[in-house]
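Enquirer: Dropping the structure in here first, questions after.
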Amino acid sequence: MKNAADIRKSYIDFFKNKGHQFVRSSSVVPHDDPTLLFTNAGMNQFKPIFLGDQKPQQLRAVNSQKCIRVSGKHNDLEEVGFDTFHHTFFEMLGNWSFGDYYKAEAIEWAWELLTEVWGLDKERLWATVYEDDDEAFQLWSKVTDIDPARILKCGKKDNFWEMGDTGPCGPCSEIHYYMGDDLSKQDAQGVNNSDDYWELWNLVFIQNNRLADGTLEDLPEKHVDTGAGLERIVTVLQGRTSNYDSDLFTSIIAKIEDLTGKSSKDNSVPFQVIADHVRMLSFSIADGALPSNEGRGYVLRRILRRAARFGRKLDQHEPFIHGLVDTVCDLMGDAFPELIEKQKHISNVIKSEEASFNEALDRGINHFEKLLKNLKGKTIPGEDAFKLYDTYGFPLDLTQLMAQEKGIMVDEKGFNKSMEVQRKRAKESGKFKADMKQIKWTTVSEGDDSTFLGYEQTTAEASIKRYSIANDLVLLVLDETPFYAESGGQVNDTGRITGTGIDLTVNNVQNENDVFIHYCSGDFDSSSTGNTVTCTVDNMRRKNIRKNHTATHLMHAALKEVLGEQVNQAGSRVDSDNLRFDLTHHKKVTHEELRQIESIVNREILENTEVKTSVKDYDDARKEGAIAMFGEKYGDTVRVLSIGDFSKELCGGTHVERTGDIGFFKVKEESSLAAGVRRIVAVTGPKAVEYIQGQSAIMEELQSKLTSSAGDLSTRIDQLLQQKKDLEKALKQKQKSSSSFDIKNIIAKANEVDGNQIVIYETQTVDMESLKELGDQLLNALDSGVGVLGSAAGEKPSIVVVVTKDLNEAGIMAPALAKSIGAIMGGGGGGRPHLATAGGKDTAKLKEALKVAETIIIEVLKG
């Protein structure tokens, strides 16, 4: 029995032997296509060819494309794990012809592979064609030996493929396989209607163009686009009836059993859901997606939380899904090496997301149960479903799943209303928008265009091939150009294009399907477009960009050296002011680690190593250890940037000639971008010097204001922070003491001797000044008498003695009383007749002093 890897290889080899060129799978995250959340079909990367925007590099192609579908026809998330063949992630085997062979070969070769190479039973196979496609209907009988009774004509719904409301389209022919046990029970009516008939392969014949009015016209070139789901093919060839019983899933399910101690034979659904979802998560994270609350990030979060919820059914209350990543990588890593490269990152991201959700999941489930107890009727209100999302992180479909298990509905409209802008639904788009088609071009001359000269020169003479004028904007396409178009994280060049009647400032340059469009402003005489123009790149700006781009490569290598080989690029932006680098790392990069990274990069700059570029075959470059950049699409030949033995990466950007040209490298900031992803911003050359000078100026200002040397600044700041802390503490105690100092209540409890009040009270006031303020308040409130306030809240005991004016006139003075009371605490006292203070050495003596104080005062009053 062949394993999945052998079947994948046999498909690719079969078509390579038919003159097809193998094309690597594109990223499952379509970074260059805003119309798609995820790559959902093998043809996505060939869209520009079908739209006529790009010429094919080969007329025949074959590959196995990573795909994700989370909604839409036959791909509902709710079905995944409950049936045997729906998946969120799958591989699409495909072969293409771009204006080369057509229906006859596509049909003949599909039948040959299925029946002769793979040996499928012809008595189980059915073919469907579009009801008006007589050509395909006849070809099936002519080029294959299929039983004519098994060739069916079907309507537009099942057998006519369209890219969108308008654009390329055409009839298709599907090959179905009967999965039932009894061959005699086959019925043509079951095809496209019964789960016993599996669609294995769809052959699309792109021959028409749908116009805006709905009519069809013939395309000048006809294409073939086929797709066969690997999971179903493997299941059928391995004699299984469920995709989850094929070797694409069995090792993952076995690992789940090992981690949970449960058996999939008892209830297969949780195992199937988790096995499917961890594949989708692994591939999407490897290609740069991250869980978040919007767009494709929210899709990942939904999928992971759905898997975690099913983990609860296996009694898993701690993160465990991340423990399946190694198994997925072992299973699929040979075919998709990006899994191996990002293995630790994938595991870290999933583990972090699991942990954060687990904290809320149990509380959310408890809230859900309470909600059901108080529920009136059989429908959960949308507001309550939204609370589960907003407070506990429950995606709507998770709430619906839990409700379904209880036989209850969820008010989805009410949820959507509460969600408003926050709700980002995962909808795959089948519509493609060709931006180039929206531009109204005036063609000056035909022929090739956009040859890039910018690696060798920053000025060039060029001819205008096409132009477009909209308001104050002039768009130009040239036969050749020194201007770099934004790509690979590097910003575009700017500069000028001049000539007779033309004086333009180039503000932006974009690459649209290998066409460099220059966005300009200024003077443009369209009658002069036949003349040669001079292109001049802003060279100083380009130099700074080159410094930052090469420094990005040096920093990437330094990050791996300091933090570990598991670190990978997760995004970047290089412009003339700075460089921004996003890296896969599960924790903060420490100050010491940043210093090490800076030192390594600057060491390489001082080495003044030559920066070399070469053009190589992609596979050869990767075998030599060249690193592929995040989100980039590579052809069969690639540009390799090598910096001695320190760094080797695939890169199409512009770079310095030697590392010494960078001058100096300095990290400005490090921060968190998302779970498992950090961001570093750095500067080079003049900008780095400018940054250091700015930091130095700040240091000098601080030294001046704090009257401290640079070496003592840290100690001085620590002192000030401690003083601030002490003052804040004293202020709080003062406020507490003041708020608790109820004078009326205190005086009401005073003793009286011969009509004179005696007040003895201990406060929590820390400093003497605050104690004296309380003394003044007490003095003003006394009619006639003596007051003693004491505090042991500071380092030493303190008291304040106040004596009313009438007693002063009778010869009783506060200093004498303070001195006598202070002596008990091991100190002395003094002050003015009406208010005096005393301090001591032992705070433990305060209470004794206050007790004796009353005796002393009474003796003085009676004396």
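Residues in the structure tokens are numbered from 1 in each chain, the chains being A, B, ... in the order shown, and ligands are numbered from 1 in the order shown.
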Report as a PDB file with all heavy atoms, in the first residue's frame all protein, DNA and RNA residues lying within 9 Å of Met768 of chain A, evaluated on only C-alpha atoms, omitting residues in the same chain fewer than 3 positions from it.

Expert:
ATOM      1  N   THR A 765       1.091  60.573  62.531  1.00  0.00           N
ATOM      2  CA  THR A 765       1.837  61.536  61.726  1.00  0.00           C
ATOM      3  C   THR A 765       3.334  61.241  61.791  1.00  0.00           C
ATOM      4  O   THR A 765       3.881  60.995  62.862  1.00  0.00           O
ATOM      5  CB  THR A 765       1.570  62.971  62.236  1.00  0.00           C
ATOM      6  OG1 THR A 765       0.160  63.199  62.188  1.00  0.00           O
ATOM      7  CG2 THR A 765       2.285  63.985  61.367  1.00  0.00           C
ATOM      8  N   LEU A 771       2.929  67.228  62.851  1.00  0.00           N
ATOM      9  CA  LEU A 771       2.504  67.116  64.249  1.00  0.00           C
ATOM     10  C   LEU A 771       2.228  68.491  64.832  1.00  0.00           C
ATOM     11  O   LEU A 771       1.264  68.682  65.588  1.00  0.00           O
ATOM     12  CB  LEU A 771       3.591  66.385  65.046  1.00  0.00           C
ATOM     13  CG  LEU A 771       3.181  65.802  66.403  1.00  0.00           C
ATOM     14  CD1 LEU A 771       2.076  64.775  66.255  1.00  0.00           C
ATOM     15  CD2 LEU A 771       4.405  65.173  67.087  1.00  0.00           C
ATOM     16  N   LYS A 772       3.047  69.477  64.488  1.00  0.00           N
ATOM     17  CA  LYS A 772       2.849  70.851  64.982  1.00  0.00           C
ATOM     18  C   LYS A 772       1.567  71.467  64.404  1.00  0.00           C
ATOM     19  O   LYS A 772       0.875  72.222  65.082  1.00  0.00           O
ATOM     20  CB  LYS A 772       4.059  71.713  64.625  1.00  0.00           C
ATOM     21  CG  LYS A 772       5.294  71.369  65.469  1.00  0.00           C
ATOM     22  CD  LYS A 772       6.580  71.948  64.885  1.00  0.00           C
ATOM     23  CE  LYS A 772       6.607  73.463  64.960  1.00  0.00           C
ATOM     24  NZ  LYS A 772       7.917  73.994  64.482  1.00  0.00           N
ATOM     25  N   GLU A 773       1.261  71.103  63.107  1.00  0.00           N
ATOM     26  CA  GLU A 773       0.024  71.599  62.514  1.00  0.00           C
ATOM     27  C   GLU A 773      -1.187  71.082  63.282  1.00  0.00           C
ATOM     28  O   GLU A 773      -2.161  71.821  63.522  1.00  0.00           O
ATOM     29  CB  GLU A 773      -0.057  71.163  61.046  1.00  0.00           C
ATOM     30  CG  GLU A 773       0.929  71.884  60.124  1.00  0.00           C
ATOM     31  CD  GLU A 773       0.833  71.376  58.695  1.00  0.00           C
ATOM     32  OE1 GLU A 773      -0.102  70.603  58.412  1.00  0.00           O
ATOM     33  OE2 GLU A 773       1.686  71.748  57.871  1.00  0.00           O
ATOM     34  N   SER A 791       3.738  60.912  68.554  1.00  0.00           N
ATOM     35  CA  SER A 791       3.796  60.036  67.390  1.00  0.00           C
ATOM     36  C   SER A 791       5.066  59.201  67.423  1.00  0.00           C
ATOM     37  O   SER A 791       6.149  59.708  67.713  1.00  0.00           O
ATOM     38  CB  SER A 791       3.754  60.842  66.092  1.00  0.00           C
ATOM     39  OG  SER A 791       3.965  60.003  64.991  1.00  0.00           O
ATOM     40  N   SER A 798       8.164  61.520  68.820  1.00  0.00           N
ATOM     41  CA  SER A 798       8.033  62.984  68.874  1.00  0.00           C
ATOM     42  C   SER A 798       6.761  63.349  69.612  1.00  0.00           C
ATOM     43  O   SER A 798       5.778  62.609  69.566  1.00  0.00           O
ATOM     44  CB  SER A 798       7.963  63.563  67.456  1.00  0.00           C
ATOM     45  OG  SER A 798       9.087  63.186  66.691  1.00  0.00           O
ATOM     46  N   ILE A 799       6.809  64.519  70.317  1.00  0.00           N
ATOM     47  CA  ILE A 799       5.586  65.033  70.950  1.00  0.00           C
ATOM     48  C   ILE A 799       5.491  66.530  70.718  1.00  0.00           C
ATOM     49  O   ILE A 799       6.491  67.210  70.455  1.00  0.00           O
ATOM     50  CB  ILE A 799       5.540  64.753  72.464  1.00  0.00           C
ATOM     51  CG1 ILE A 799       6.676  65.506  73.182  1.00  0.00           C
ATOM     52  CG2 ILE A 799       5.542  63.278  72.760  1.00  0.00           C
ATOM     53  CD1 ILE A 799       6.491  65.537  74.680  1.00  0.00           C
ATOM     54  N   VAL A 800       4.262  67.029  70.760  1.00  0.00           N
ATOM     55  CA  VAL A 800       3.984  68.474  70.734  1.00  0.00           C
ATOM     56  C   VAL A 800       3.123  68.787  71.948  1.00  0.00           C
ATOM     57  O   VAL A 800       2.159  68.071  72.223  1.00  0.00           O
ATOM     58  CB  VAL A 800       3.254  68.865  69.438  1.00  0.00           C
ATOM     59  CG1 VAL A 800       2.692  70.279  69.566  1.00  0.00           C
ATOM     60  CG2 VAL A 800       4.170  68.780  68.234  1.00  0.00           C
ATOM     61  N   THR A 837       7.987  71.464  71.437  1.00  0.00           N
ATOM     62  CA  THR A 837       8.180  70.102  70.932  1.00  0.00           C
ATOM     63  C   THR A 837       9.246  69.388  71.733  1.00  0.00           C
ATOM     64  O   THR A 837      10.083  70.013  72.383  1.00  0.00           O
ATOM     65  CB  THR A 837       8.609  70.114  69.457  1.00  0.00           C
ATOM     66  OG1 THR A 837       9.857  70.805  69.347  1.00  0.00           O
ATOM     67  CG2 THR A 837       7.565  70.802  68.600  1.00  0.00           C
TER      68      THR A 837
END

Enquirer: Give the strand (DSSP E or B) residues of segment 713-773 of chain A, as assigned by DSSP on the backbone, as number ranges by chain.

Expert: A: 751-753, 756-763

Enquirer: Between atom CA of Glu199 of chain A and atom CA of Ser10 of chain A, what is the distance in Å, rounded to a tenth?

Expert: 19.7 Å

Enquirer: Rounded to one decimal place, report the atom CA of Asn531 of chain A-atom CA of Lys543 of chain A distance in Å.

Expert: 29.6 Å

Enquirer: Can you list, as a ChimeraX atom specification, every protein, DNA or RNA residue that comes within 9 Å of segment 79-87 of chain A when you count only C-alpha atoms, leaving out same-chain residues fewer than 4 positions away?

Expert: /A:68-70,74-75,231-232,241-245,268-277,280

Enquirer: Quick one: distance from atom CA of Arg639 of chain A to atom CA of Gly625 of chain A in Å, one decimal?

Expert: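 Distance between the two atoms: 13.4 Å.
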
Enquirer: Write out as a list in words the residues lying within 9 Å of Thr458 of chain A, counting only C-alpha atoms and excluding same-chain residues fewer than 3 positions away.

Expert: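 Neighbouring residues, sequence-local ones excluded: Leu453, Gly454, Tyr455, Thr481, Pro482, Phe483, Cys535, Thr536, Val537, Asp538, Asn539 and Arg542 of chain A.
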
Enquirer: Store the residues of this selection in a file with N, CA, C and O atoms, as a compact mmCIF listing (two decimals), in the first residue's frame.

Expert:
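Everything below was put into again14.txt:
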# COMPACT_ATOMS: atom_id res chain seq x y z
N LEU A 453 17.13 47.85 -14.05
CA LEU A 453 18.57 48.14 -14.16
C LEU A 453 19.17 48.58 -12.83
O LEU A 453 20.36 48.84 -12.74
N GLY A 454 18.33 48.65 -11.79
CA GLY A 454 18.72 49.31 -10.55
C GLY A 454 19.79 48.65 -9.73
O GLY A 454 20.33 49.27 -8.81
N TYR A 455 20.12 47.38 -10.01
CA TYR A 455 21.20 46.75 -9.26
C TYR A 455 22.55 47.36 -9.63
O TYR A 455 23.45 47.44 -8.79
N THR A 481 14.13 50.48 -16.39
CA THR A 481 14.08 51.46 -15.31
C THR A 481 15.11 51.17 -14.23
O THR A 481 15.35 50.00 -13.91
N PRO A 482 15.72 52.22 -13.66
CA PRO A 482 16.60 52.03 -12.50
C PRO A 482 15.85 52.12 -11.18
O PRO A 482 16.43 51.91 -10.11
N PHE A 483 14.54 52.44 -11.23
CA PHE A 483 13.75 52.62 -10.02
C PHE A 483 13.32 51.28 -9.44
O PHE A 483 12.70 50.47 -10.14
N CYS A 535 16.00 58.89 -16.45
CA CYS A 535 15.52 58.48 -15.13
C CYS A 535 16.66 58.66 -14.13
O CYS A 535 17.76 58.15 -14.33
N THR A 536 16.37 59.36 -13.03
CA THR A 536 17.39 59.61 -12.00
C THR A 536 16.83 59.26 -10.63
O THR A 536 15.89 59.90 -10.15
N VAL A 537 17.41 58.24 -10.02
CA VAL A 537 16.99 57.83 -8.68
C VAL A 537 17.59 58.77 -7.65
O VAL A 537 18.74 59.23 -7.79
N ASP A 538 16.84 59.09 -6.59
CA ASP A 538 17.38 59.86 -5.46
C ASP A 538 18.44 58.98 -4.81
O ASP A 538 18.15 58.10 -4.00
N ASN A 539 19.72 59.27 -5.15
CA ASN A 539 20.80 58.36 -4.78
C ASN A 539 21.09 58.35 -3.29
O ASN A 539 21.42 57.31 -2.71
N ARG A 542 18.52 56.20 -1.74
CA ARG A 542 18.81 54.81 -2.09
C ARG A 542 19.96 54.27 -1.24
O ARG A 542 19.93 53.13 -0.76

Enquirer: Could you pull out the alpha helix (DSSP H) residues of segment 209-241 of chain A from DSSP and send them as a list in words?

Expert: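 In segment 209-241 of chain A, DSSP puts these residues in alpha helix (DSSP H): Leu230, Glu231, Arg232, Ile233, Val234, Thr235, Val236 and Leu237 of chain A.
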
Enquirer: Given the choices A:Asn3, A:Gln510, A:Asn40, A:Ser356, which gets closest to Ser450 of chain A if the distance is worked out from only C-alpha atoms?

Expert: A:Gln510

Enquirer: Can you pull out the residues contacting Leu476 of chain A? Cut-off 6 Å, using only C-alpha atoms, and skip same-chain residues under 4 positions away; I want them as a list of chain:residue names.

Expert: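 Residues near the query, excluding close chain neighbours: A:Arg466, A:Tyr467, A:Ile517, A:His518.
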
Enquirer: Can you list, as a PyMOL selection string, every protein, DNA or RNA residue that comes within 9 Å of Ala188 of chain A when you count only C-alpha atoms, leaving out same-chain residues fewer than 4 positions away?

Expert: chain A and resi 126+149-150+152

Enquirer: With N, CA, C and O atoms retained, could you export that selection as a PDB file, in the first residue's frame?

Expert:
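Below is the file part29.pdb, written as the result:
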ATOM      1  N   TRP A 126     -17.014   7.507 -12.393  1.00  0.00           N
ATOM      2  CA  TRP A 126     -18.021   8.213 -13.182  1.00  0.00           C
ATOM      3  C   TRP A 126     -17.424   9.535 -13.662  1.00  0.00           C
ATOM      4  O   TRP A 126     -16.605  10.138 -12.979  1.00  0.00           O
ATOM      5  N   ALA A 149     -22.035   4.751 -20.489  1.00  0.00           N
ATOM      6  CA  ALA A 149     -23.176   4.971 -19.581  1.00  0.00           C
ATOM      7  C   ALA A 149     -22.736   5.714 -18.325  1.00  0.00           C
ATOM      8  O   ALA A 149     -23.582   6.217 -17.574  1.00  0.00           O
ATOM      9  N   ARG A 150     -21.443   5.763 -18.097  1.00  0.00           N
ATOM     10  CA  ARG A 150     -20.924   6.434 -16.903  1.00  0.00           C
ATOM     11  C   ARG A 150     -20.492   7.879 -17.194  1.00  0.00           C
ATOM     12  O   ARG A 150     -19.869   8.518 -16.363  1.00  0.00           O
ATOM     13  N   LEU A 152     -21.900  11.494 -17.720  1.00  0.00           N
ATOM     14  CA  LEU A 152     -23.152  12.195 -17.429  1.00  0.00           C
ATOM     15  C   LEU A 152     -23.044  13.678 -17.777  1.00  0.00           C
ATOM     16  O   LEU A 152     -21.997  14.304 -17.572  1.00  0.00           O
TER      17      LEU A 152
END

Enquirer: Mind checking which residues fall within 12 Å of Gln58 of chain A, counting only C-alpha atoms, ignoring those fewer than 6 positions away in the same chain, and posting them as a list in words?

Expert: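 Result of the neighbour search: Gly19, His20, Gln21, Phe22, Val23, Phe46, Ile49, Asn95, Trp96, Ser97, Phe98, Gly99, Asp100, Gly635 and Asp636 of chain A.
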
Enquirer: Any chance you could export the current selection's N, CA, C and O atoms as a tab-separated table (two decimals), in the first residue's frame?

Expert:
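Okay, this is what ended up in selection16.tsv:
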chain	number	residue	atom	x	y	z
A	19	GLY	N	5.84	16.47	-19.65
A	19	GLY	CA	6.35	17.79	-20.05
A	19	GLY	C	5.96	18.93	-19.15
A	19	GLY	O	6.13	20.10	-19.51
A	20	HIS	N	5.44	18.63	-17.96
A	20	HIS	CA	5.05	19.68	-17.02
A	20	HIS	C	6.24	20.06	-16.14
A	20	HIS	O	7.06	19.21	-15.77
A	21	GLN	N	6.29	21.33	-15.76
A	21	GLN	CA	7.33	21.80	-14.84
A	21	GLN	C	6.74	21.90	-13.44
A	21	GLN	O	5.65	22.45	-13.25
A	22	PHE	N	7.46	21.34	-12.47
A	22	PHE	CA	6.98	21.40	-11.09
A	22	PHE	C	7.07	22.82	-10.56
A	22	PHE	O	8.11	23.48	-10.70
A	23	VAL	N	6.00	23.30	-9.97
A	23	VAL	CA	5.95	24.64	-9.36
A	23	VAL	C	5.65	24.45	-7.88
A	23	VAL	O	4.68	23.77	-7.52
A	46	PHE	N	-1.75	31.30	-10.08
A	46	PHE	CA	-1.71	31.51	-11.53
A	46	PHE	C	-2.78	32.50	-11.99
A	46	PHE	O	-3.01	32.68	-13.19
A	49	ILE	N	-2.10	34.99	-14.79
A	49	ILE	CA	-2.02	34.40	-16.13
A	49	ILE	C	-3.42	34.29	-16.72
A	49	ILE	O	-3.67	34.66	-17.87
A	95	ASN	N	-2.66	20.05	-12.26
A	95	ASN	CA	-1.84	20.22	-13.46
A	95	ASN	C	-2.50	21.28	-14.33
A	95	ASN	O	-3.73	21.39	-14.37
A	96	TRP	N	-1.66	22.08	-15.02
A	96	TRP	CA	-2.16	23.23	-15.77
A	96	TRP	C	-1.56	23.27	-17.17
A	96	TRP	O	-0.41	22.86	-17.38
A	97	SER	N	-2.37	23.78	-18.06
A	97	SER	CA	-1.91	24.09	-19.41
A	97	SER	C	-2.27	25.53	-19.69
A	97	SER	O	-3.44	25.92	-19.57
A	98	PHE	N	-1.27	26.35	-20.04
A	98	PHE	CA	-1.51	27.77	-20.33
A	98	PHE	C	-1.40	27.97	-21.85
A	98	PHE	O	-0.33	28.24	-22.39
A	99	GLY	N	-2.54	27.76	-22.52
A	99	GLY	CA	-2.56	27.92	-23.96
A	99	GLY	C	-1.86	26.81	-24.71
A	99	GLY	O	-1.51	26.97	-25.89
A	100	ASP	N	-1.65	25.67	-24.06
A	100	ASP	CA	-0.95	24.56	-24.69
A	100	ASP	C	-1.95	23.43	-24.98
A	100	ASP	O	-2.84	23.60	-25.81
A	635	GLY	N	10.71	32.32	-7.87
A	635	GLY	CA	10.64	31.53	-9.09
A	635	GLY	C	11.65	30.40	-9.03
A	635	GLY	O	12.22	30.09	-7.98
A	636	ASP	N	11.89	29.78	-10.17
A	636	ASP	CA	12.83	28.66	-10.22
A	636	ASP	C	14.27	29.13	-10.06
A	636	ASP	O	15.13	28.40	-9.58

Enquirer: Using only C-alpha atoms, which of A:Glu610, A:Ser696, A:Glu728, A:Ser284 sits nearest Arg296 of chain A?

Expert: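 With only C-alpha atoms as the atom set, the closest residue is A:Ser284.
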
Enquirer: From the list A:Thr250, A:Leu37, A:Val852, A:Lys406, which residue is nearest Lys373 of chain A when using only C-alpha atoms?

Expert: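 Of the candidates, the smallest distance to Lys373 of chain A is held by A:Lys406.
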
Enquirer: With distances taken over only C-alpha atoms, which residue among A:Ser64, A:Asn578, A:Thr529, A:Asn209 lies nearest Thr443 of chain A?

Expert: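 Closest to Thr443 of chain A of all the choices is A:Thr529.
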
Enquirer: Could you check which of A:Gly414, A:Gly119, A:Gly676, A:Pro833 is closest to Val236 of chain A, using only C-alpha atoms?

Expert: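 The shortest atom-to-atom distance to Val236 of chain A comes from A:Gly119.
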